[in-house]
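Asker: If it helps, the file is called protein-v8.txt and holds compact mmCIF, C-alpha atoms and all ligand atoms:
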# COMPACT_ATOMS: atom_id res chain seq x y z
CA MET A 1 57.42 208.23 200.88
CA LYS A 2 60.22 208.63 198.38
CA ILE A 3 59.82 207.54 194.77
CA LEU A 4 62.71 207.38 192.29
CA VAL A 5 61.57 208.49 188.84
CA THR A 6 63.98 207.73 186.00
CA GLY A 7 63.45 209.93 182.96
CA GLY A 8 61.79 212.33 185.38
CA THR A 9 62.41 215.44 183.29
CA GLY A 10 61.10 213.88 180.09
CA TYR A 11 57.58 214.29 178.80
CA ILE A 12 55.52 211.74 180.74
CA GLY A 13 58.11 211.70 183.53
CA SER A 14 57.78 215.40 184.34
CA HIS A 15 53.98 215.30 184.39
CA THR A 16 54.13 212.24 186.64
CA VAL A 17 56.53 213.97 189.03
CA VAL A 18 53.99 216.79 189.34
CA ASP A 19 51.15 214.35 190.02
CA LEU A 20 53.22 212.44 192.59
CA LEU A 21 54.14 215.66 194.42
CA ASP A 22 50.50 216.81 194.28
CA ASN A 23 49.61 213.54 195.99
CA GLY A 24 52.09 213.88 198.83
CA PHE A 25 55.00 211.75 197.58
CA GLU A 26 58.63 212.78 197.81
CA VAL A 27 60.46 212.46 194.50
CA VAL A 28 64.05 212.08 193.36
CA THR A 29 64.82 211.80 189.65
CA ILE A 30 67.52 210.36 187.42
CA ASP A 31 67.69 211.93 183.99
CA ASN A 32 70.72 212.41 181.77
CA PHE A 33 68.86 215.15 179.84
CA SER A 34 69.52 213.27 176.60
CA ASN A 35 66.20 214.36 175.15
CA CYS A 36 64.96 217.25 177.29
CA HIS A 37 65.89 220.69 178.57
CA GLY A 38 66.27 219.11 181.99
CA GLU A 39 67.32 222.08 184.14
CA GLN A 40 64.44 224.14 182.82
CA VAL A 41 61.98 221.32 183.34
CA LEU A 42 63.08 221.04 186.98
CA GLU A 43 62.55 224.78 187.44
CA ARG A 44 59.15 224.51 185.82
CA ILE A 45 58.14 221.58 188.05
CA GLU A 46 59.10 223.76 191.02
CA LYS A 47 57.00 226.62 189.63
CA ILE A 48 53.92 224.38 189.51
CA THR A 49 54.41 222.46 192.75
CA GLY A 50 56.59 224.67 194.94
CA THR A 51 58.98 221.73 195.35
CA LYS A 52 62.59 221.59 194.18
CA VAL A 53 63.24 218.05 192.98
CA LYS A 54 66.75 216.62 193.21
CA ASN A 55 67.92 215.16 189.90
CA TYR A 56 70.94 212.96 189.28
CA GLN A 57 72.22 213.60 185.77
CA VAL A 58 73.27 210.00 185.32
CA ASP A 59 73.25 207.66 182.34
CA LEU A 60 71.47 204.54 183.59
CA THR A 61 73.64 202.31 181.43
CA ASP A 62 76.45 203.24 183.85
CA LEU A 63 75.87 200.82 186.74
CA ASP A 64 78.39 202.38 189.13
CA LYS A 65 76.89 205.86 188.80
CA THR A 66 73.38 204.44 189.12
CA ARG A 67 74.41 202.66 192.33
CA VAL A 68 75.44 205.99 193.87
CA VAL A 69 71.84 207.23 193.60
CA PHE A 70 70.55 204.20 195.50
CA ALA A 71 73.33 204.44 198.10
CA GLU A 72 72.51 208.10 198.73
CA ASN A 73 68.74 207.44 198.93
CA PRO A 74 68.22 204.37 201.10
CA ASP A 75 64.62 205.48 201.76
CA ILE A 76 63.39 204.92 198.18
CA VAL A 77 60.20 202.81 198.41
CA GLY A 78 59.41 202.55 194.72
CA ILE A 79 60.79 203.22 191.25
CA ILE A 80 59.02 204.49 188.16
CA HIS A 81 61.26 203.69 185.21
CA PHE A 82 60.52 205.93 182.23
CA ALA A 83 64.02 206.55 180.92
CA ALA A 84 64.29 205.14 177.39
CA HIS A 85 64.63 206.02 173.75
CA ILE A 86 61.10 206.34 172.43
CA TYR A 87 60.83 206.97 168.70
CA VAL A 88 59.46 204.12 166.57
CA ASN A 89 60.89 205.35 163.30
CA ASP A 90 64.28 206.23 164.80
CA SER A 91 64.46 202.71 166.23
CA VAL A 92 63.96 201.24 162.76
CA LEU A 93 66.94 203.32 161.58
CA HIS A 94 69.12 202.76 164.68
CA PRO A 95 68.12 199.46 166.28
CA THR A 96 71.26 198.86 168.36
CA LYS A 97 70.97 202.30 169.94
CA TYR A 98 67.57 201.19 171.26
CA TYR A 99 68.67 197.74 172.48
CA THR A 100 71.80 199.10 174.17
CA ASN A 101 70.06 201.91 175.99
CA ASN A 102 66.61 200.56 176.79
CA LEU A 103 67.69 197.10 177.91
CA ASN A 104 70.93 197.90 179.75
CA SER A 105 69.32 200.69 181.74
CA LEU A 106 66.49 198.38 182.82
CA VAL A 107 68.87 195.58 183.84
CA ASN A 108 70.92 198.06 185.89
CA ILE A 109 67.79 199.32 187.66
CA LEU A 110 66.81 195.74 188.49
CA ASP A 111 70.29 194.93 189.80
CA CYS A 112 70.16 198.02 192.01
CA MET A 113 66.69 197.07 193.25
CA ALA A 114 68.05 193.71 194.35
CA GLU A 115 71.22 195.16 195.85
CA TYR A 116 69.49 197.98 197.76
CA ASP A 117 66.33 196.05 198.59
CA VAL A 118 63.78 198.19 196.76
CA LYS A 119 60.67 196.11 196.10
CA ASN A 120 58.31 198.19 193.99
CA LEU A 121 58.73 198.95 190.29
CA ILE A 122 56.54 200.54 187.66
CA PHE A 123 57.78 200.06 184.10
CA SER A 124 56.85 202.23 181.12
CA SER A 125 55.70 199.77 178.55
CA SER A 126 53.79 200.51 175.40
CA CYS A 127 50.78 199.37 173.43
CA SER A 128 53.29 198.70 170.64
CA VAL A 129 53.97 195.35 172.37
CA TYR A 130 50.66 194.11 170.92
CA GLY A 131 51.87 194.52 167.33
CA ASN A 132 49.17 194.49 164.66
CA CYS A 133 46.03 193.19 166.36
CA ASP A 134 42.94 191.86 164.64
CA ALA A 135 40.78 191.97 167.75
CA LEU A 136 40.16 195.47 169.11
CA PRO A 137 40.10 196.88 171.70
CA VAL A 138 43.12 195.09 173.12
CA LEU A 139 42.93 193.52 176.55
CA GLU A 140 45.94 192.83 178.77
CA SER A 141 45.33 189.15 177.96
CA THR A 142 45.48 189.73 174.18
CA PRO A 143 48.44 187.69 172.91
CA LEU A 144 51.38 189.86 171.94
CA GLY A 145 51.95 190.03 168.20
CA LYS A 146 55.16 190.45 166.26
CA ALA A 147 56.84 193.72 167.27
CA GLU A 148 56.61 196.18 164.38
CA SER A 149 59.80 198.02 165.37
CA PRO A 150 62.96 197.62 167.46
CA TYR A 151 61.46 200.12 169.93
CA ALA A 152 58.43 197.86 170.40
CA ARG A 153 60.72 194.85 170.75
CA THR A 154 62.68 196.56 173.55
CA LYS A 155 59.37 196.98 175.39
CA GLN A 156 58.38 193.34 174.86
CA MET A 157 61.82 192.26 176.06
CA GLY A 158 61.70 194.69 178.97
CA GLU A 159 58.43 193.17 180.16
CA GLU A 160 59.92 189.66 179.94
CA ILE A 161 63.09 190.69 181.78
CA ILE A 162 60.98 192.08 184.63
CA GLU A 163 58.81 188.94 184.72
CA ASP A 164 61.96 186.80 185.01
CA TYR A 165 63.28 189.11 187.70
CA THR A 166 60.13 188.77 189.80
CA VAL A 167 60.32 184.98 189.55
CA SER A 168 63.77 184.91 191.12
CA ASN A 169 63.17 187.88 193.46
CA LYS A 170 60.02 186.80 195.27
CA SER A 171 59.58 190.05 197.17
CA ALA A 172 59.71 192.18 194.01
CA ASN A 173 56.42 193.78 193.08
CA ALA A 174 56.13 195.13 189.53
CA ILE A 175 53.53 196.86 187.41
CA LEU A 176 53.90 197.11 183.65
CA LEU A 177 51.91 200.04 182.27
CA ARG A 178 51.21 199.72 178.58
CA TYR A 179 50.67 203.29 177.48
CA PHE A 180 48.71 204.09 174.40
CA ASN A 181 49.42 207.48 172.78
CA PRO A 182 50.23 210.18 175.33
CA ALA A 183 49.43 213.72 174.22
CA GLY A 184 48.50 217.14 175.60
CA ALA A 185 50.20 219.07 178.39
CA HIS A 186 49.75 220.26 181.97
CA ALA A 187 46.78 222.65 182.16
CA SER A 188 49.07 225.46 183.37
CA SER A 189 51.08 225.29 180.10
CA ILE A 190 54.20 225.43 182.28
CA ILE A 191 55.31 221.94 181.24
CA GLY A 192 54.57 219.92 178.13
CA GLU A 193 56.37 217.92 175.47
CA ALA A 194 59.68 219.63 174.60
CA PRO A 195 62.18 217.10 173.24
CA LEU A 196 65.66 218.06 172.04
CA VAL A 197 65.05 216.37 168.72
CA LYS A 198 62.42 217.40 166.20
CA ASN A 199 59.18 215.84 167.34
CA THR A 200 57.56 213.17 165.17
CA HIS A 201 54.50 212.42 167.31
CA LEU A 202 51.21 213.28 165.70
CA VAL A 203 49.71 215.82 168.12
CA PRO A 204 52.82 218.04 168.39
CA VAL A 205 53.30 217.78 164.63
CA ILE A 206 49.73 219.06 164.18
CA ALA A 207 50.36 221.95 166.60
CA GLU A 208 53.71 222.82 164.98
CA THR A 209 52.05 222.92 161.58
CA ALA A 210 49.30 225.19 162.87
CA ILE A 211 51.76 227.65 164.40
CA GLY A 212 53.89 227.74 161.26
CA GLU A 213 56.96 225.81 162.49
CA ARG A 214 56.23 223.42 159.64
CA ASP A 215 55.04 224.41 156.23
CA HIS A 216 52.86 221.29 156.03
CA MET A 217 52.44 217.89 157.64
CA MET A 218 51.99 214.40 156.21
CA VAL A 219 49.31 211.86 156.96
CA HIS A 220 51.40 208.68 156.97
CA GLY A 221 49.28 206.16 155.08
CA THR A 222 45.77 206.43 153.72
CA ASP A 223 45.05 202.87 152.64
CA TYR A 224 45.09 201.09 155.98
CA ASP A 225 42.15 198.82 156.72
CA THR A 226 40.51 201.43 158.99
CA ARG A 227 37.34 203.54 158.70
CA ASP A 228 39.04 206.35 156.75
CA GLY A 229 42.26 204.62 155.66
CA SER A 230 44.51 206.44 158.16
CA CYS A 231 45.99 204.81 161.29
CA VAL A 232 43.87 204.59 164.43
CA ARG A 233 45.37 205.26 167.87
CA ASP A 234 44.17 205.75 171.44
CA TYR A 235 45.24 209.27 172.46
CA ILE A 236 45.40 209.63 176.21
CA HIS A 237 46.01 212.92 178.03
CA VAL A 238 49.46 213.02 179.63
CA MET A 239 48.01 214.08 183.01
CA ASP A 240 45.72 211.04 182.96
CA ILE A 241 48.76 208.84 182.25
CA ALA A 242 50.65 210.63 185.02
CA ASN A 243 47.86 209.90 187.49
CA ALA A 244 47.88 206.22 186.49
CA HIS A 245 51.42 206.06 187.96
CA THR A 246 50.33 207.62 191.22
CA LYS A 247 47.45 205.14 191.44
CA ALA A 248 49.77 202.27 190.52
CA ILE A 249 52.37 203.16 193.16
CA GLN A 250 49.61 203.55 195.77
CA TYR A 251 48.38 200.09 194.75
CA LEU A 252 51.87 198.58 195.09
CA LEU A 253 52.36 200.20 198.49
CA SER A 254 48.93 199.12 199.76
CA ASP A 255 49.93 195.44 199.96
CA LYS A 256 46.95 194.51 197.76
CA LYS A 257 49.42 192.98 195.34
CA GLN A 258 52.03 190.52 196.58
CA GLY A 259 54.88 189.91 194.17
CA GLY A 260 55.04 189.19 190.46
CA ALA A 261 54.50 191.49 187.51
CA GLU A 262 51.04 192.73 186.59
CA VAL A 263 50.10 194.44 183.31
CA PHE A 264 47.66 197.33 182.82
CA ASN A 265 46.53 199.11 179.67
CA ILE A 266 46.61 202.88 180.07
CA GLY A 267 44.49 204.36 177.31
CA ILE A 268 41.24 206.26 176.97
CA GLY A 269 39.56 203.19 175.50
CA ASP A 270 38.63 204.69 172.15
CA GLY A 271 40.29 204.86 168.73
CA VAL A 272 40.85 208.12 166.83
CA SER A 273 42.21 208.13 163.27
CA VAL A 274 44.91 210.54 162.08
CA LEU A 275 42.33 212.38 159.96
CA GLU A 276 39.92 212.56 162.91
CA ALA A 277 42.67 213.97 165.11
CA ILE A 278 43.37 216.64 162.49
CA ASN A 279 39.65 217.46 162.36
CA ALA A 280 39.43 217.70 166.16
CA PHE A 281 42.32 220.19 166.17
CA GLU A 282 40.84 222.25 163.33
CA LYS A 283 37.47 222.34 165.07
CA HIS A 284 38.97 223.45 168.38
CA THR A 285 41.26 226.16 166.99
CA GLY A 286 39.48 227.23 163.82
CA ILE A 287 42.87 226.87 162.06
CA LYS A 288 42.94 225.03 158.73
CA LEU A 289 45.92 222.67 158.69
CA ASN A 290 48.07 222.29 155.61
CA TYR A 291 48.34 218.51 155.41
CA LYS A 292 49.22 216.14 152.60
CA LEU A 293 48.27 212.51 152.18
CA GLY A 294 51.46 210.43 152.06
CA PRO A 295 52.80 206.88 152.11
CA LYS A 296 52.90 204.58 155.12
CA ARG A 297 55.64 205.07 157.72
CA ASP A 298 57.89 202.11 158.56
CA GLY A 299 57.05 200.40 161.84
CA ASP A 300 53.44 201.63 162.16
CA ALA A 301 50.62 199.30 163.17
CA ALA A 302 47.27 199.99 161.45
CA ALA A 303 45.00 200.38 164.45
CA ILE A 304 45.18 199.97 168.18
CA TYR A 305 43.13 201.14 171.14
CA ALA A 306 42.71 199.91 174.67
CA ASP A 307 40.26 198.12 176.82
CA ASN A 308 41.12 199.97 180.03
CA THR A 309 38.64 198.21 182.34
CA LYS A 310 41.34 196.50 184.38
CA ALA A 311 43.15 199.74 185.28
CA LYS A 312 39.84 201.36 186.18
CA THR A 313 38.62 198.54 188.41
CA THR A 314 41.90 197.43 190.00
CA LEU A 315 43.79 200.72 190.32
CA GLY A 316 40.73 202.95 190.75
CA TRP A 317 42.04 205.10 187.88
CA THR A 318 39.71 207.05 185.61
CA PRO A 319 40.91 209.04 182.61
CA LYS A 320 39.19 212.42 182.75
CA ARG A 321 40.12 214.13 179.48
CA GLY A 322 39.29 213.31 175.85
CA ILE A 323 40.67 214.33 172.45
CA ASP A 324 39.24 217.87 172.66
CA GLU A 325 41.07 218.65 175.91
CA ILE A 326 44.20 217.03 174.51
CA MET A 327 44.10 219.35 171.52
CA ALA A 328 43.30 222.41 173.67
CA ASP A 329 46.22 221.78 176.04
CA ALA A 330 48.59 220.80 173.22
CA TRP A 331 47.75 224.02 171.39
CA ALA A 332 48.19 226.19 174.48
CA TRP A 333 51.56 224.51 175.14
CA GLU A 334 52.66 224.93 171.52
CA GLN A 335 52.16 228.68 171.85
CA VAL A 336 54.41 228.73 174.94
CA LEU A 337 57.03 226.65 173.13
CA HIS A 338 56.92 228.91 170.10
CA ALA A 339 57.54 231.95 172.28
CA THR A 340 60.37 230.37 174.31
CA ASP A 341 63.65 230.05 172.40
CA SER A 342 65.32 228.06 175.17
CA LEU A 343 62.80 225.21 174.86
CA LYS A 344 63.30 224.66 171.14
CA PRO A 345 64.63 221.36 169.72
CA LEU A 346 68.38 221.33 169.11
CA SER A 347 68.13 219.41 165.84
N1 LIG B 1 51.38 210.30 162.07
C1 LIG B 1 51.13 210.98 160.89
N2 LIG B 1 51.85 212.11 160.61
C2 LIG B 1 52.81 212.59 161.45
C3 LIG B 1 53.06 211.90 162.66
C4 LIG B 1 52.33 210.75 162.94
O1 LIG B 1 50.28 210.59 160.10
O2 LIG B 1 53.44 213.59 161.14
C5 LIG B 1 50.64 209.09 162.37
C6 LIG B 1 51.53 207.87 162.52
O3 LIG B 1 51.76 207.27 161.27
C7 LIG B 1 50.70 207.01 163.46
C8 LIG B 1 49.93 208.01 164.30
O4 LIG B 1 50.01 209.26 163.61
O5 LIG B 1 49.77 206.27 162.72
C9 LIG B 1 50.53 208.16 165.68
O6 LIG B 1 51.92 208.34 165.52
P1 LIG B 1 52.84 208.82 166.71
O7 LIG B 1 54.22 208.96 166.16
O8 LIG B 1 52.24 210.02 167.36
O9 LIG B 1 52.76 207.63 167.77
P2 LIG B 1 53.08 206.06 167.65
O10 LIG B 1 51.73 205.39 167.57
O11 LIG B 1 53.92 205.83 166.44
O12 LIG B 1 53.79 205.74 168.90
For the file at hand, write its structure as structure tokens.

Answerer:
Amino acid sequence: MKILVTGGTGYIGSHTVVDLLDNGFEVVTIDNFSNCHGEQVLERIEKITGTKVKNYQVDLTDLDKTRVVFAENPDIVGIIHFAAHIYVNDSVLHPTKYYTNNLNSLVNILDCMAEYDVKNLIFSSSCSVYGNCDALPVLESTPLGKAESPYARTKQMGEEIIEDYTVSNKSANAILLRYFNPAGAHASSIIGEAPLVKNTHLVPVIAETAIGERDHMMVHGTDYDTRDGSCVRDYIHVMDIANAHTKAIQYLLSDKKQGGAEVFNIGIGDGVSVLEAINAFEKHTGIKLNYKLGPKRDGDAAAIYADNTKAKTTLGWTPKRGIDEIMADAWAWEQVLHATDSLKPLS
């Protein structure tokens, strides 16, 4: 069964493509390589799986070019839509870039689903849709708070657009996966997070500091109302997130769910503070990190972690790896990145 993965050579996308292929799915991807070394990622996916994936290097905001992919692949049974701009802080600086790209690409995908009669959609949403929550862990039923950033708002709006779409398109079947904080890499260290821009996510920043790519790192905020004053997040291994997509697509294809849009939290179910994450890395590697305590970063929520019961019980998904494996795989991947000039960020 053929699945279209948009953003399939990005970080979560590439790991999901591997998990889908490992589970017997056929995959075609759309990725414009705007934030990844796409050709290399495709080669690396082939190295792991033995399968050469066909990618369309198409910008999803171009409806005509997106249509061509659907016309050439009439056997697509489901879509996993990852492609989006993803950096919270960047979105605060460049909000229209986020609205233009993240919303137009989604609308074009939905229009193509209707035109080419594709029923099943999995949408990459984010725990950032919850905003700053008082009650933790968050459940899927927790009311959404004010979005703390334009990025988060594009995810809130994306969810609403899909809900509206499934009201008017009765046969459409959608799953909205609210990811918490993806981190780590494939155990082979053949793929991992390798964006074209300098990474700002915590785990790669830790690894880059340890390997000497950065002289030091900052802890963004130390006076949050959390157990040690630093922000608390739910770090979930990227291969566990990847497998959630496989489980979700199997669920959509099993006819257990008939129409509408259903939300699932995809997190480990536990909160880890920035300082605890640093400690976990130092403990695993024996490397002392040069970090400084700094001011808060715009757009950050204080604390958020998931109640993942619904994904476990309904999708039969179980995250298998904790913060120690995340740090081990992230560190192994960082060493590959460091040694491979062609995978370095361009800016
Ligand atoms: N963070 C930090 N220093 C860094 C990068 C991130 O203290 O160099 C903090 C950030 O403020 C947030 C947490 O780590 O509280 C996770 O940030 P990340 O960018 O990885 O993910 P986000 O939750 O923003 O999507």

Asker: Write out as a PyMOL selection string each polymer residue (protein, DNA or RNA) that has an atom no more than 7 Å from ligand LIG 1 (chain B), with only C-alpha atoms and all ligand atoms counted.

Answerer: chain A and resi 88+181+200-203+205+217-221+230-233+274+296-297+300+302

Asker: CA of Leu177 (chain A) and CA of Ser126 (chain A) are how many Å apart?

Answerer: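 Going from CA of Leu177 (chain A) over to CA of Ser126 (chain A), I get 7.1 Å.
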
Asker: For Ala277 (chain A), which of A:Gly259, A:Pro204, A:Pro143, A:Pro74 is the closest residue, counting only C-alpha atoms?

Answerer: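 When distances to Ala277 (chain A) are compared using only C-alpha atoms, the smallest one comes from A:Pro204.
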
Asker: So, with only C-alpha atoms as the atoms that count, which of A:Thr49, A:Glu163, A:Met239, A:Tyr99 lies closest to Glu262 (chain A)?

Answerer: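 Counting only C-alpha atoms, the residue closest to Glu262 (chain A) is A:Glu163.
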
Asker: At a cut-off of 8 Å, can you tabulate as a Markdown table every residue of region 240-339 of chain A near region 224-228 of chain A together with its closest atom pair and the distance in Å to one decimal, using all atoms listed in the file and ordering rows by chain then number?

Answerer:
| residue | atom | partner | partner_atom | distance |
| --- | --- | --- | --- | --- |
| A:Ser273 | CA | A:Asp228 | CA | 7.5 |
| A:Leu275 | CA | A:Asp228 | CA | 7.6 |
| A:Ala302 | CA | A:Tyr224 | CA | 6.0 |
| A:Ala303 | CA | A:Thr226 | CA | 7.1 |

Asker: Between region 171-256 of chain A and region 335-343 of chain A, at 10 Å or less, what are the per-residue closest atom pairs and their distances in Å? Count only C-alpha atoms, order by chain and rising residue number, and return it as a tab-separated table.

Answerer:
residue	atom	partner	partner_atom	distance
A:Ser189	CA	A:Val336	CA	7.0
A:Ile190	CA	A:Val336	CA	8.1
A:Ile191	CA	A:Val336	CA	9.3
A:Gly192	CA	A:Leu337	CA	8.7
A:Glu193	CA	A:Leu337	CA	9.1
A:Ala194	CA	A:Leu343	CA	6.4
A:Pro195	CA	A:Leu343	CA	8.3
A:Leu196	CA	A:Leu343	CA	8.2
A:Ala207	CA	A:Gln335	CA	8.7
A:Glu208	CA	A:His338	CA	8.6
A:Ile211	CA	A:Gln335	CA	7.5
A:Gly212	CA	A:His338	CA	9.4
A:Glu213	CA	A:His338	CA	8.2

Asker: Hey, which of A:Gly24, A:Gly184, A:Gly145, A:Gly13 ends up closest to Phe281 (chain A)? Count all atoms listed in the file.

Answerer: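 Using all atoms listed in the file, the shortest distance to Phe281 (chain A) belongs to A:Gly184.
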
Asker: Do a neighbour search on Asp19 (chain A) at 9 Å with only C-alpha atoms, toss out local chain neighbours closer than 3 positions, and write the hits as a compact mmCIF listing (two decimals) with C-alpha atoms, in the frame of the given file.

Answerer:
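Written output follows (result-v8.txt):
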# COMPACT_ATOMS: atom_id res chain seq x y z
CA SER A 14 57.78 215.40 184.34
CA HIS A 15 53.98 215.30 184.39
CA THR A 16 54.13 212.24 186.64
CA ASP A 22 50.50 216.81 194.28
CA ASN A 23 49.61 213.54 195.99
CA GLY A 24 52.09 213.88 198.83
CA PHE A 25 55.00 211.75 197.58
CA MET A 239 48.01 214.08 183.01
CA ALA A 242 50.65 210.63 185.02
CA ASN A 243 47.86 209.90 187.49
CA HIS A 245 51.42 206.06 187.96
CA THR A 246 50.33 207.62 191.22

Asker: Would you mind telling me which residue in A:Asn173, A:Thr154, A:Asn102, A:Ser125 lies nearest to Leu253 (chain A) when using all atoms listed in the file?

Answerer: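 Nearest candidate to Leu253 (chain A) out of A:Asn173, A:Thr154, A:Asn102, A:Ser125: A:Asn173.
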
Asker: Could you give me, as an MDAnalysis selection string, the residues within 10 Å of Met1 (chain A), counting all atoms listed in the file and dropping anything in the same chain fewer than 2 positions from it?

Answerer: chainID A and resid 3 24:27 75:78 253

Asker: With C-alpha atoms retained, could you export that selection as a PDB file, in the frame of the given file?

Answerer:
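Just written: out-v9.pdb:
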ATOM      1  CA  ILE A   3      59.820 207.540 194.770  1.00  0.00           C
ATOM      2  CA  GLY A  24      52.090 213.880 198.830  1.00  0.00           C
ATOM      3  CA  PHE A  25      55.000 211.750 197.580  1.00  0.00           C
ATOM      4  CA  GLU A  26      58.630 212.780 197.810  1.00  0.00           C
ATOM      5  CA  VAL A  27      60.460 212.460 194.500  1.00  0.00           C
ATOM      6  CA  ASP A  75      64.620 205.480 201.760  1.00  0.00           C
ATOM      7  CA  ILE A  76      63.390 204.920 198.180  1.00  0.00           C
ATOM      8  CA  VAL A  77      60.200 202.810 198.410  1.00  0.00           C
ATOM      9  CA  GLY A  78      59.410 202.550 194.720  1.00  0.00           C
ATOM     10  CA  LEU A 253      52.360 200.200 198.490  1.00  0.00           C
TER      11      LEU A 253
END

Asker: CA of Ile326 (chain A) to CA of Ser188 (chain A): how many Å, to one decimal?

Answerer: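 CA of Ser188 (chain A) lies 13.2 Å from CA of Ile326 (chain A).
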
Asker: Please put the answer as JSON: centre and edge lengths, in Å with one decimal, of a box along x, y and z that encloses all listed atoms of region 162-169 of chain A plus 3 Å on each side.

Answerer:
{"center_x": 61.3, "center_y": 188.5, "center_z": 189.0, "size_x": 11.0, "size_y": 13.2, "size_z": 14.8}

Asker: Got a sec to check which residues sit within 12 Å of (59.5, 187.7, 195.6), counting only C-alpha atoms, and write them as a list in words?

Answerer: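 Here the neighbourhood of the point contains Ala114, Asp117, Val118, Lys119, Asn120, Ile162, Glu163, Asp164, Tyr165, Thr166, Val167, Ser168, Asn169, Lys170, Ser171, Ala172, Asn173, Ala174, Lys257, Gln258, Gly259, Gly260 and Ala261 of chain A.
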
Asker: Quick one: residues within 9 Å of Gly299 (chain A), all atoms listed in the file, excluding same-chain residues fewer than 3 positions away - as a PyMOL selection string?

Answerer: chain A and resi 88-89+91-92+147-150+296

Asker: Could you check the closest approach to Val238 (chain A) for each of A:Tyr98, A:Trp317, A:Tyr151, A:Phe180 and tell me which residue wins, using only C-alpha atoms?

Answerer: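 For Val238 (chain A), the nearest of the given residues is A:Phe180.
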